[in-house]
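Okay, my_file_25.tsv now, which holds TSV, C-alpha atoms:
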```tsv
chain	number	residue	atom	x	y	z
O	29	MET	CA	95.40	108.42	114.46
O	30	SER	CA	94.46	109.13	118.05
O	31	GLY	CA	91.49	108.07	120.13
O	32	PRO	CA	89.20	106.92	121.54
O	33	HIS	CA	87.04	110.04	121.95
O	34	SER	CA	83.89	110.63	123.98
O	35	LEU	CA	82.30	113.03	121.45
O	36	PRO	CA	79.39	111.18	119.77
O	37	ILE	CA	78.86	112.47	116.23
O	38	ALA	CA	75.93	112.11	113.82
O	39	ILE	CA	76.52	112.79	110.13
O	40	ILE	CA	73.50	113.64	108.00
O	41	GLY	CA	74.16	112.40	104.48
O	42	GLY	CA	75.94	109.34	103.11
O	43	GLY	CA	77.57	110.85	100.05
O	44	VAL	CA	81.24	111.57	99.41
O	45	ALA	CA	81.46	114.25	102.12
O	46	GLY	CA	79.62	112.33	104.82
O	47	LEU	CA	81.33	109.00	104.24
O	48	THR	CA	84.83	110.50	104.04
O	49	ALA	CA	84.14	112.32	107.30
O	50	ALA	CA	82.83	109.12	108.88
O	51	CYS	CA	85.97	107.25	107.88
O	52	ALA	CA	88.33	110.01	109.04
O	53	LEU	CA	86.53	110.46	112.37
O	54	ALA	CA	86.05	106.77	113.14
O	55	ARG	CA	89.72	106.09	112.44
O	56	ARG	CA	90.52	108.74	115.05
O	57	GLY	CA	88.36	106.98	117.62
O	58	PHE	CA	85.19	109.07	117.47
O	59	PRO	CA	81.83	107.26	117.80
O	60	VAL	CA	80.15	108.06	114.47
O	61	GLN	CA	76.73	107.38	113.00
O	62	VAL	CA	75.82	108.23	109.39
O	63	LEU	CA	72.15	108.88	108.62
O	64	GLU	CA	71.38	108.53	104.91
O	65	ARG	CA	67.86	108.95	103.56
O	66	ALA	CA	68.36	106.67	100.53
O	67	ALA	CA	67.45	103.03	101.07
O	68	SER	CA	70.71	101.86	99.51
O	69	LEU	CA	74.02	103.25	98.29
O	70	ASP	CA	73.39	102.33	94.67
O	71	ASP	CA	74.88	103.65	91.43
O	72	ILE	CA	74.11	107.29	92.12
O	73	GLY	CA	75.51	109.87	89.74
O	74	ALA	CA	78.21	109.30	87.18
O	75	GLY	CA	81.85	110.28	86.80
O	76	LEU	CA	84.09	112.33	89.08
O	77	GLN	CA	87.55	113.78	88.62
O	78	ILE	CA	89.65	113.46	91.76
O	79	SER	CA	92.72	115.69	91.71
O	80	PRO	CA	95.86	115.18	93.84
O	81	ASN	CA	94.74	117.51	96.63
O	82	ALA	CA	91.94	115.05	97.43
O	83	PHE	CA	93.93	111.92	96.60
O	84	ARG	CA	96.32	112.86	99.42
O	85	VAL	CA	93.42	112.48	101.86
O	86	LEU	CA	92.35	109.11	100.47
O	87	ASP	CA	95.95	107.92	100.62
O	88	ALA	CA	96.33	109.14	104.23
O	89	LEU	CA	93.20	107.13	105.10
O	90	GLY	CA	94.93	104.03	103.74
O	91	LEU	CA	92.66	103.92	100.68
O	92	GLY	CA	95.19	104.81	97.99
O	93	PRO	CA	95.71	101.27	96.64
O	94	CYS	CA	91.99	100.48	96.62
O	95	PHE	CA	91.16	103.78	94.95
O	96	ARG	CA	93.70	103.15	92.20
O	97	GLU	CA	91.99	99.83	91.48
O	98	ILE	CA	88.57	101.42	90.89
O	99	SER	CA	89.76	104.50	88.98
O	100	LEU	CA	91.87	105.55	85.99
O	101	GLN	CA	94.86	107.88	85.95
O	102	SER	CA	94.15	110.92	83.75
O	103	GLU	CA	97.11	111.75	81.52
O	104	ARG	CA	95.97	115.19	80.34
O	105	VAL	CA	93.17	117.69	79.91
O	106	GLU	CA	92.35	118.75	76.36
O	107	LEU	CA	90.48	121.92	75.42
O	108	ARG	CA	88.94	121.60	71.95
O	109	ASP	CA	86.66	123.70	69.76
O	110	THR	CA	83.37	122.58	68.23
O	111	SER	CA	85.13	120.90	65.29
O	112	GLY	CA	87.19	118.78	67.67
O	113	ALA	CA	90.42	120.64	66.85
O	114	MET	CA	92.84	121.11	69.75
O	115	VAL	CA	92.83	124.55	71.38
O	116	ALA	CA	95.08	123.83	74.37
O	117	ARG	CA	96.45	120.87	76.25
O	118	LEU	CA	97.26	120.50	79.94
O	119	ASP	CA	99.78	117.69	80.04
O	120	LEU	CA	99.37	116.28	83.54
O	121	ALA	CA	101.64	113.28	83.02
O	122	ARG	CA	104.49	115.45	81.73
O	123	PHE	CA	104.35	118.40	84.08
O	124	ARG	CA	102.99	116.76	87.25
O	125	PRO	CA	104.21	113.15	86.96
O	126	GLN	CA	104.31	112.72	90.74
O	127	ASP	CA	100.61	113.51	91.17
O	128	GLU	CA	97.45	111.43	90.98
O	129	PHE	CA	94.67	112.78	88.76
O	130	ARG	CA	92.04	110.04	88.89
O	131	LEU	CA	88.79	109.43	86.99
O	132	VAL	CA	86.20	107.39	88.88
O	133	HIS	CA	82.54	106.46	88.90
O	134	ARG	CA	80.91	108.12	91.88
O	135	ALA	CA	79.19	104.90	92.92
O	136	ARG	CA	82.53	103.07	93.15
O	137	LEU	CA	83.99	105.87	95.30
O	138	VAL	CA	80.95	105.87	97.60
O	139	GLU	CA	81.11	102.08	97.91
O	140	MET	CA	84.79	102.20	98.84
O	141	LEU	CA	84.25	104.96	101.42
O	142	ALA	CA	81.27	103.17	102.97
O	143	ASP	CA	83.26	99.95	103.35
O	144	ALA	CA	86.16	101.87	104.90
O	145	ALA	CA	83.89	103.77	107.30
O	146	ARG	CA	82.23	100.56	108.50
O	147	ALA	CA	85.60	98.85	108.89
O	148	ALA	CA	86.75	101.78	111.05
O	149	GLY	CA	83.71	101.38	113.31
O	150	ALA	CA	81.22	103.90	111.94
O	151	GLU	CA	77.55	102.94	111.79
O	152	ILE	CA	75.67	103.68	108.56
O	153	GLU	CA	71.89	103.78	108.79
O	154	LEU	CA	70.10	103.77	105.43
O	155	GLY	CA	66.53	104.85	104.76
O	156	HIS	CA	66.71	107.48	107.50
O	157	ASP	CA	65.33	110.82	106.29
O	158	VAL	CA	66.30	113.32	108.98
O	159	HIS	CA	63.64	115.99	109.58
O	160	SER	CA	64.97	117.27	112.88
O	161	ILE	CA	68.40	117.45	114.48
O	162	PRO	CA	69.29	114.26	116.41
O	163	ARG	CA	69.46	114.99	120.14
O	164	ASP	CA	71.48	111.98	121.27
O	165	CYS	CA	74.87	113.31	120.13
O	166	ARG	CA	77.21	116.20	120.84
O	167	LEU	CA	77.87	117.20	117.22
O	168	VAL	CA	75.78	116.95	114.06
O	169	ILE	CA	77.60	117.30	110.75
O	170	GLY	CA	75.44	118.41	107.85
O	171	ALA	CA	76.72	116.62	104.76
O	172	ASP	CA	73.27	116.72	103.19
O	173	GLY	CA	74.12	118.30	99.87
O	174	VAL	CA	73.03	121.29	97.86
O	175	LYS	CA	69.51	121.28	99.33
O	176	SER	CA	70.83	120.97	102.88
O	177	ARG	CA	68.37	121.39	105.71
O	178	THR	CA	71.27	121.82	108.11
O	179	ARG	CA	72.59	124.79	106.13
O	180	SER	CA	69.27	126.60	106.51
O	181	LEU	CA	69.40	126.17	110.29
O	182	LEU	CA	72.70	128.07	110.38
O	183	ASN	CA	72.17	130.55	107.54
O	184	GLY	CA	68.45	130.92	107.02
O	185	THR	CA	66.83	130.54	103.62
O	186	GLN	CA	69.07	131.63	100.75
O	187	ALA	CA	67.53	131.60	97.28
O	188	PRO	CA	70.00	130.35	94.65
O	189	PHE	CA	70.57	132.22	91.39
O	190	PHE	CA	69.74	130.36	88.17
O	191	THR	CA	72.70	130.69	85.83
O	192	GLY	CA	70.66	130.32	82.64
O	193	GLN	CA	72.40	127.00	82.01
O	194	SER	CA	71.17	123.42	82.13
O	195	ALA	CA	73.22	120.26	81.95
O	196	TRP	CA	72.80	116.71	80.71
O	197	ARG	CA	74.75	113.87	82.32
O	198	THR	CA	75.06	110.36	80.96
O	199	LEU	CA	77.24	107.26	80.74
O	200	ILE	CA	77.90	105.29	77.57
O	201	PRO	CA	79.83	102.06	76.88
O	202	ALA	CA	83.39	102.74	75.76
O	203	GLU	CA	86.56	100.98	74.73
O	204	GLU	CA	89.47	100.95	77.17
O	205	GLU	CA	91.94	103.73	76.37
O	206	PRO	CA	95.74	103.48	76.68
O	207	ALA	CA	96.13	107.13	77.79
O	208	PRO	CA	92.91	108.37	79.46
O	209	ALA	CA	92.21	112.09	79.17
O	210	ALA	CA	89.49	114.56	80.09
O	211	GLN	CA	88.28	116.41	77.00
O	212	ILE	CA	86.36	119.70	76.96
O	213	PHE	CA	84.67	120.76	73.71
O	214	MET	CA	83.85	124.50	73.82
O	215	GLY	CA	81.19	126.16	71.69
O	216	PRO	CA	79.17	129.37	71.70
O	217	GLY	CA	76.77	129.14	74.62
O	218	ARG	CA	77.54	125.49	75.31
O	219	HIS	CA	80.26	122.97	76.09
O	220	LEU	CA	80.69	119.23	76.56
O	221	VAL	CA	83.05	117.40	78.92
O	222	SER	CA	83.89	113.72	78.58
O	223	TYR	CA	86.35	111.24	80.04
O	224	PRO	CA	86.63	107.46	80.39
O	225	LEU	CA	85.96	105.49	83.56
O	226	ALA	CA	87.12	102.10	84.71
O	227	GLY	CA	84.94	99.20	83.60
O	228	GLY	CA	84.47	100.26	79.99
O	229	LEU	CA	82.39	103.39	80.53
O	230	ARG	CA	82.59	106.99	79.35
O	231	ASN	CA	81.19	109.92	81.32
O	232	ILE	CA	79.57	112.81	79.45
O	233	VAL	CA	78.39	116.15	80.86
O	234	ALA	CA	76.98	118.66	78.38
O	235	VAL	CA	76.00	122.20	79.36
O	236	LEU	CA	73.73	124.53	77.36
O	237	GLU	CA	72.65	128.11	77.90
O	238	ARG	CA	68.85	128.12	77.77
O	239	PRO	CA	66.10	130.42	79.10
O	240	ASP	CA	64.06	127.67	80.76
O	241	TRP	CA	65.36	125.64	83.68
O	242	GLN	CA	65.14	122.37	85.54
O	243	ASP	CA	65.44	121.58	89.23
O	244	GLU	CA	68.84	121.09	90.79
O	245	GLY	CA	70.04	117.53	91.12
O	246	TRP	CA	70.57	114.91	88.42
O	247	SER	CA	67.51	112.75	89.00
O	248	GLN	CA	65.28	114.37	86.37
O	249	PRO	CA	65.15	112.29	83.20
O	250	GLY	CA	66.02	114.07	79.95
O	251	ASP	CA	65.50	113.27	76.29
O	252	PRO	CA	68.64	111.98	74.51
O	253	ASN	CA	67.37	113.53	71.27
O	254	ASP	CA	67.37	116.98	72.88
O	255	LEU	CA	71.00	116.44	73.85
O	256	ARG	CA	71.91	115.35	70.34
O	257	ALA	CA	70.11	118.33	68.80
O	258	ALA	CA	71.83	120.82	71.09
O	259	PHE	CA	75.29	119.53	70.10
O	260	ALA	CA	74.55	118.59	66.50
O	261	ARG	CA	77.23	120.96	65.16
O	262	PHE	CA	80.01	119.48	67.27
O	263	GLY	CA	82.58	117.33	65.48
O	264	GLY	CA	85.41	115.00	66.38
O	265	PRO	CA	84.28	112.04	68.48
O	266	VAL	CA	81.21	113.85	69.89
O	267	PRO	CA	78.61	112.68	67.30
O	268	GLY	CA	79.64	109.07	67.79
O	269	TRP	CA	79.42	109.39	71.56
O	270	LEU	CA	76.00	110.99	71.48
O	271	GLU	CA	74.61	108.34	69.15
O	272	ARG	CA	75.25	105.79	71.92
O	273	VAL	CA	73.31	107.74	74.56
O	274	GLN	CA	70.21	105.86	75.70
O	275	GLN	CA	69.38	107.54	79.01
O	276	VAL	CA	70.28	110.97	80.27
O	277	GLY	CA	69.70	113.07	83.37
O	278	LEU	CA	68.96	116.78	83.17
O	279	TRP	CA	69.38	119.48	85.78
O	280	GLY	CA	69.54	123.24	86.08
O	281	LEU	CA	72.74	124.91	87.22
O	282	PHE	CA	72.31	127.32	90.10
O	283	ARG	CA	74.86	129.58	91.72
O	284	HIS	CA	74.89	129.61	95.52
O	285	PRO	CA	76.94	131.78	97.84
O	286	VAL	CA	79.43	129.98	100.04
O	287	ALA	CA	77.69	129.75	103.42
O	288	PRO	CA	78.80	132.54	105.77
O	289	HIS	CA	78.21	130.36	108.85
O	290	TRP	CA	79.54	126.79	108.90
O	291	TYR	CA	79.01	125.90	112.53
O	292	ARG	CA	77.14	126.53	115.76
O	293	ALA	CA	78.78	125.41	118.98
O	294	GLU	CA	76.43	126.89	121.58
O	295	GLY	CA	72.71	126.99	122.17
O	296	ASP	CA	69.97	124.44	122.57
O	297	GLY	CA	70.88	120.97	121.39
O	298	PRO	CA	74.05	119.58	119.84
O	299	ALA	CA	76.67	121.61	117.99
O	300	LEU	CA	76.27	121.81	114.21
O	301	ALA	CA	78.80	121.89	111.37
O	302	LEU	CA	78.59	121.91	107.56
O	303	ILE	CA	80.79	120.18	105.00
O	304	GLY	CA	80.70	119.58	101.25
O	305	ASP	CA	77.90	120.98	99.10
O	306	ALA	CA	75.97	121.90	102.23
O	307	ALA	CA	78.61	124.57	102.90
O	308	HIS	CA	79.82	125.51	99.41
O	309	PRO	CA	77.80	124.31	96.42
O	310	THR	CA	79.77	124.90	93.23
O	311	LEU	CA	79.21	124.87	89.52
O	312	PRO	CA	80.85	121.82	87.90
O	313	PHE	CA	83.47	123.77	85.92
O	314	MET	CA	86.58	123.14	88.01
O	315	ALA	CA	85.89	119.45	88.82
O	316	GLN	CA	86.31	120.25	92.51
O	317	GLY	CA	82.92	119.55	94.12
O	318	ALA	CA	83.78	116.09	95.43
O	319	VAL	CA	87.38	117.18	95.98
O	320	MET	CA	86.38	120.02	98.32
O	321	ALA	CA	84.11	117.60	100.19
O	322	ILE	CA	87.03	115.20	100.75
O	323	GLU	CA	89.27	118.07	101.87
O	324	ASP	CA	86.57	119.29	104.29
O	325	ALA	CA	86.12	115.86	105.82
O	326	TRP	CA	89.78	115.35	106.65
O	327	ILE	CA	90.32	118.85	108.01
O	328	LEU	CA	87.19	118.79	110.17
O	329	ALA	CA	88.26	115.45	111.66
O	330	ALA	CA	91.77	116.80	112.28
O	331	CYS	CA	90.41	119.95	113.96
O	332	LEU	CA	88.16	117.89	116.24
O	333	ASP	CA	91.14	115.66	117.06
O	334	SER	CA	93.46	118.60	117.78
O	335	GLY	CA	92.72	118.92	121.49
O	336	ARG	CA	90.85	122.19	121.04
O	337	GLU	CA	87.55	122.83	122.79
O	338	LEU	CA	84.66	121.99	120.48
O	339	GLY	CA	83.74	125.58	119.62
O	340	ALA	CA	87.36	126.51	118.96
O	341	ALA	CA	87.85	123.42	116.80
O	342	LEU	CA	84.83	124.27	114.64
O	343	GLN	CA	85.91	127.90	114.37
O	344	HIS	CA	89.37	126.81	113.26
O	345	PHE	CA	87.82	124.48	110.69
O	346	GLN	CA	85.84	127.30	109.08
O	347	SER	CA	88.83	129.66	109.14
O	348	LEU	CA	90.90	127.08	107.24
O	349	ARG	CA	88.27	126.13	104.70
O	350	HIS	CA	86.20	129.21	103.91
O	351	PRO	CA	88.79	131.28	101.96
O	352	ARG	CA	89.94	128.33	99.87
O	353	CYS	CA	86.41	127.22	99.00
O	354	VAL	CA	85.43	130.77	98.01
O	355	ARG	CA	88.41	130.89	95.64
O	356	ILE	CA	87.51	127.55	94.06
O	357	VAL	CA	83.84	128.46	93.64
O	358	ASP	CA	84.82	131.79	92.05
O	359	ALA	CA	87.16	129.98	89.65
O	360	ALA	CA	84.34	127.62	88.63
O	361	ASN	CA	82.06	130.60	88.00
O	362	ALA	CA	84.72	132.13	85.73
O	363	ASN	CA	85.09	128.92	83.74
O	364	ALA	CA	81.35	128.90	83.14
O	365	ARG	CA	81.86	132.12	81.17
O	366	ASN	CA	85.13	131.17	79.49
O	367	TYR	CA	83.86	127.90	78.03
O	368	HIS	CA	80.86	129.59	76.37
O	369	LEU	CA	82.42	132.65	74.69
O	370	LYS	CA	80.88	133.82	71.43
O	371	GLY	CA	81.95	135.79	68.37
O	372	PRO	CA	85.20	137.79	68.36
O	373	ALA	CA	85.82	137.23	72.08
O	374	ARG	CA	85.82	133.47	71.51
O	375	ALA	CA	88.24	133.72	68.56
O	376	VAL	CA	90.65	135.92	70.51
O	377	ALA	CA	90.55	133.73	73.63
O	378	HIS	CA	91.10	130.51	71.67
O	379	ALA	CA	93.99	132.06	69.73
O	380	GLY	CA	95.61	133.07	73.03
O	381	LEU	CA	95.17	129.59	74.48
O	382	ARG	CA	96.69	127.99	71.37
O	383	THR	CA	99.72	130.29	71.58
O	384	VAL	CA	100.35	129.64	75.27
O	385	SER	CA	99.83	125.90	74.87
O	386	ARG	CA	102.37	125.80	72.03
O	387	LEU	CA	105.04	128.17	73.36
O	388	ALA	CA	104.77	127.63	77.14
O	389	PRO	CA	102.91	124.34	77.70
O	390	GLY	CA	103.87	124.13	81.36
O	391	GLN	CA	102.22	127.48	82.05
O	392	MET	CA	98.77	126.05	81.41
O	393	ILE	CA	98.91	123.58	84.29
O	394	GLY	CA	101.11	125.89	86.38
O	395	ARG	CA	98.20	128.32	86.74
O	396	PHE	CA	96.53	125.77	88.98
O	397	ALA	CA	99.43	125.04	91.33
O	398	TRP	CA	97.52	126.81	94.12
O	399	LEU	CA	94.77	124.24	93.69
O	400	TYR	CA	96.65	120.98	93.18
O	401	ASP	CA	99.65	121.56	95.48
O	402	TYR	CA	97.41	121.95	98.52
O	403	ASP	CA	97.82	119.13	101.03
O	404	PRO	CA	94.88	118.86	103.45
O	405	THR	CA	96.75	116.32	105.57
O	406	THR	CA	99.29	118.98	106.61
O	407	ALA	CA	96.93	121.95	106.78
O	408	ILE	CA	96.29	121.84	110.55
```
Give the structure from this file in structure tokens form.
Amino acid sequence: MSGPHSLPIAIIGGGVAGLTAACALARRGFPVQVLERAASLDDIGAGLQISPNAFRVLDALGLGPCFREISLQSERVELRDTSGAMVARLDLARFRPQDEFRLVHRARLVEMLADAARAAGAEIELGHDVHSIPRDCRLVIGADGVKSRTRSLLNGTQAPFFTGQSAWRTLIPAEEEPAPAAQIFMGPGRHLVSYPLAGGLRNIVAVLERPDWQDEGWSQPGDPNDLRAAFARFGGPVPGWLERVQQVGLWGLFRHPVAPHWYRAEGDGPALALIGDAAHPTLPFMAQGAVMAIEDAWILAACLDSGRELGAALQHFQSLRHPRCVRIVDAANANARNYHLKGPARAVAHAGLRTVSRLAPGQMIGRFAWLYDYDPTTAI
């Protein structure tokens, strides 16, 4: 890591994107301040899947050992039908034994990143709801999420498209598992994803096609009985899991375009840049939302530390990130359709997946080599 630098940076948002950026920048010698509107960094959200492309960043930041302590290694991904029968299996431990696929509670990840950012010299100011761009810095990084105010300054108002799907998210107590796995139960017009977390918890996200909608974000309370009714025909372990649900959040799933403009280097006031959901909100069907945010943070810090003039550094950042994020968002959109197939199309697709999984099991995970082989720490 190089430094020190004379470029003062303000980061709006103290989530995964903002805190990873704060850590990466502060370790390079940049003066960094994080402005987070929440009064505390409490247990926000639920589970996250962190694939090896993002783990490489955490490891490069010196956080690999700590992250392993707060997370579980996922052995495989299982695709199942409504009865619980196996449709296909992505054997991560067998076909990518060198890689880290981790399952973690978002709050534990945020806590780790905040501690690391402070230790590197970043300031974190809580309870600071930013309504206007700070003027006492050279660069403002918008890491303010799917409802980003910073994004609108660079791209204007862009109305999202409601997908016709809503999701429930919850945590339940769970027994420790010897071989943790992410399981996806696929049904007509709905699917449920679940995986264990460290500390005796299980994360559940259940998605249903429905004509009404809820706001984006997971803060709206839902009714556990509605969740149970929507997935009443699912078998396997699902009924037992849902019986243990006591509280659940509900939110509508909206499709956003990847922002066409990620930065502004000239004009009145400081330069602006976007990272994470502020730049590329995604549907949760590739488990890459937090991963893309971590990738963004490292690469932006590396671009700013590259010796380029500020405008050129921000331009290079967008040129590196935009095509990859578009591809990931498009893949998530496709999975939203594939998980919810109905009738003959569902039967044909599941039969094909069973055949491939049985005859060429490595092909299932090999399809995602473009995603998991990417190393942000060598991308500059």
Long-range neighbours of Phe259 in chain O as a tab-separated table (two decimals) with C-alpha atoms, keeping the file's coordinate frame, 12 Å cut-off, all atoms listed in the file, 3 positions minimum in chain:
```tsv
chain	number	residue	atom	x	y	z
O	110	THR	CA	83.37	122.58	68.23
O	111	SER	CA	85.13	120.90	65.29
O	196	TRP	CA	72.80	116.71	80.71
O	213	PHE	CA	84.67	120.76	73.71
O	214	MET	CA	83.85	124.50	73.82
O	215	GLY	CA	81.19	126.16	71.69
O	216	PRO	CA	79.17	129.37	71.70
O	217	GLY	CA	76.77	129.14	74.62
O	218	ARG	CA	77.54	125.49	75.31
O	219	HIS	CA	80.26	122.97	76.09
O	220	LEU	CA	80.69	119.23	76.56
O	221	VAL	CA	83.05	117.40	78.92
O	233	VAL	CA	78.39	116.15	80.86
O	234	ALA	CA	76.98	118.66	78.38
O	235	VAL	CA	76.00	122.20	79.36
O	236	LEU	CA	73.73	124.53	77.36
O	237	GLU	CA	72.65	128.11	77.90
O	252	PRO	CA	68.64	111.98	74.51
O	253	ASN	CA	67.37	113.53	71.27
O	254	ASP	CA	67.37	116.98	72.88
O	255	LEU	CA	71.00	116.44	73.85
O	256	ARG	CA	71.91	115.35	70.34
O	262	PHE	CA	80.01	119.48	67.27
O	263	GLY	CA	82.58	117.33	65.48
O	264	GLY	CA	85.41	115.00	66.38
O	265	PRO	CA	84.28	112.04	68.48
O	266	VAL	CA	81.21	113.85	69.89
O	267	PRO	CA	78.61	112.68	67.30
O	268	GLY	CA	79.64	109.07	67.79
O	269	TRP	CA	79.42	109.39	71.56
O	270	LEU	CA	76.00	110.99	71.48
O	271	GLU	CA	74.61	108.34	69.15
```
**Q.** Residue neighbourhood range 158-174 of chain O, 8 Å, all atoms listed in the file, exclusion window fewer than 2 positions, as JSON, numbers by chain
**A.** {"O": [35, 36, 37, 38, 39, 40, 41, 42, 43, 45, 46, 63, 65, 156, 176, 177, 178, 179, 297, 298, 299, 300, 301, 302, 303, 304, 305, 306, 309]}
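Atom pair CA of Arg238 in chain O / CA of Gln186 in chain O has a distance of 23.2 Å (rounded to one decimal).
For the set O:Ala325, O:Ala287, O:Ile212, O:Ala150, the residue with the smallest atom-to-atom gap to Asp109 in chain O is O:Ile212, counting all atoms listed in the file.
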Q: Work out how far CA of Cys353 in chain O is from CA of Ala144 in chain O, in Å to one decimal.
A: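 Straight-line distance from CA of Ala144 in chain O to CA of Cys353 in chain O works out to 26.0 Å.
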Q: Please indicate the distance in Å from CA of Ser99 in chain O to CA of Leu131 in chain O, rounded to one decimal place.
A: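 Value for the CA of Ser99 in chain O-CA of Leu131 in chain O distance: 5.4 Å.
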Q: Just the residues within 9 Å of range 358-363 of chain O, please, counting only C-alpha atoms, with nothing from its chain fewer than 4 positions along; format it as a PyMOL selection string.
A: chain O and resi 283+310-316+353-354+367-368
With C-alpha atoms retained, could you export that selection as a CSV table (one decimal), keeping the file's coordinate frame?
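File again34.csv, as written:
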```
chain,number,residue,atom,x,y,z
O,283,ARG,CA,74.9,129.6,91.7
O,310,THR,CA,79.8,124.9,93.2
O,311,LEU,CA,79.2,124.9,89.5
O,312,PRO,CA,80.8,121.8,87.9
O,313,PHE,CA,83.5,123.8,85.9
O,314,MET,CA,86.6,123.1,88.0
O,315,ALA,CA,85.9,119.4,88.8
O,316,GLN,CA,86.3,120.2,92.5
O,353,CYS,CA,86.4,127.2,99.0
O,354,VAL,CA,85.4,130.8,98.0
O,367,TYR,CA,83.9,127.9,78.0
O,368,HIS,CA,80.9,129.6,76.4
```
Q | O:Leu76, O:Leu141, O:Ala397, O:Ile408 ranked by distance to Arg336 in chain O, top pick (using all atoms listed in the file) | A |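 The closest residue to Arg336 in chain O is O:Ile408.
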Q: Compare O:Val132, O:Ala379, O:Ala340, O:Leu47 by their minimum atom-to-atom distance to Val60 in chain O, counting only C-alpha atoms, and give me the closest one.
A: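 Checking each candidate against Val60 in chain O, we get O:Leu47 as the closest.
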Q | Counting only C-alpha atoms, the option among O:Gln101, O:Ala209, O:Glu106, O:Gln343 closest to Gln126 in chain O | A | O:Gln101
Q.
Just want the 12 Å neighbourhood of Ile327 in chain O, counted on only C-alpha atoms, with same-chain residues fewer than 5 positions away dropped. Output as a PyMOL selection string.
A. chain O and resi 45+48-49+52-53+82+85+303-304+320-322+332-334+341-350+403-408
Q: Find the spatial neighbours of Ala54 in chain O, counting only C-alpha atoms, within a cut-off of 10 Å - ignore same-chain residues fewer than 4 positions away - and output them as an NGL selection string.
A: :O and (29 or 31-33 or 37 or 48-50 or 58-61 or 144-151 or 329)
**Q.** Sel. within 6 Å of pt (97.3, 112.2, 78.7), counting only C-alpha atoms, output as number ranges by chain
**A.** O: 103-104, 207-209
Generate the missing atoms of range 138-152 of chain O up to N, CA and C atoms and report them as an mmCIF file, in the frame of the given file.
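Output file out_14.cif follows:
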```
data_model
loop_
_atom_site.group_PDB
_atom_site.id
_atom_site.type_symbol
_atom_site.label_atom_id
_atom_site.label_comp_id
_atom_site.auth_asym_id
_atom_site.auth_seq_id
_atom_site.Cartn_x
_atom_site.Cartn_y
_atom_site.Cartn_z
ATOM 1 N N VAL O 138 81.840 105.951 96.438
ATOM 2 C CA VAL O 138 80.950 105.870 97.600
ATOM 3 C C VAL O 138 81.015 104.477 98.227
ATOM 4 N N GLU O 139 81.017 103.455 97.407
ATOM 5 C CA GLU O 139 81.110 102.080 97.910
ATOM 6 C C GLU O 139 82.403 101.872 98.695
ATOM 7 N N MET O 140 83.512 102.348 98.158
ATOM 8 C CA MET O 140 84.790 102.200 98.840
ATOM 9 C C MET O 140 84.789 102.939 100.173
ATOM 10 N N LEU O 141 84.274 104.167 100.186
ATOM 11 C CA LEU O 141 84.250 104.960 101.420
ATOM 12 C C LEU O 141 83.329 104.332 102.462
ATOM 13 N N ALA O 142 82.188 103.806 102.025
ATOM 14 C CA ALA O 142 81.270 103.170 102.970
ATOM 15 C C ALA O 142 81.914 101.944 103.614
ATOM 16 N N ASP O 143 82.576 101.129 102.805
ATOM 17 C CA ASP O 143 83.260 99.950 103.350
ATOM 18 C C ASP O 143 84.338 100.366 104.352
ATOM 19 N N ALA O 144 85.091 101.412 104.018
ATOM 20 C CA ALA O 144 86.160 101.870 104.900
ATOM 21 C C ALA O 144 85.610 102.448 106.195
ATOM 22 N N ALA O 145 84.501 103.183 106.090
ATOM 23 C CA ALA O 145 83.890 103.770 107.300
ATOM 24 C C ALA O 145 83.388 102.672 108.227
ATOM 25 N N ARG O 146 82.718 101.676 107.670
ATOM 26 C CA ARG O 146 82.230 100.560 108.500
ATOM 27 C C ARG O 146 83.398 99.809 109.128
ATOM 28 N N ALA O 147 84.445 99.577 108.356
ATOM 29 C CA ALA O 147 85.600 98.850 108.890
ATOM 30 C C ALA O 147 86.265 99.614 110.025
ATOM 31 N N ALA O 148 86.161 100.961 109.988
ATOM 32 C CA ALA O 148 86.750 101.780 111.050
ATOM 33 C C ALA O 148 85.853 101.881 112.277
ATOM 34 N N GLY O 149 84.615 101.373 112.165
ATOM 35 C CA GLY O 149 83.710 101.380 113.310
ATOM 36 C C GLY O 149 82.518 102.293 113.200
ATOM 37 N N ALA O 150 82.381 103.024 112.113
ATOM 38 C CA ALA O 150 81.220 103.900 111.940
ATOM 39 C C ALA O 150 79.973 103.077 111.632
ATOM 40 N N GLU O 151 78.833 103.544 112.119
ATOM 41 C CA GLU O 151 77.550 102.940 111.790
ATOM 42 C C GLU O 151 76.908 103.728 110.649
ATOM 43 N N ILE O 152 76.354 103.029 109.683
ATOM 44 C CA ILE O 152 75.670 103.680 108.560
ATOM 45 C C ILE O 152 74.231 103.190 108.555
#
```
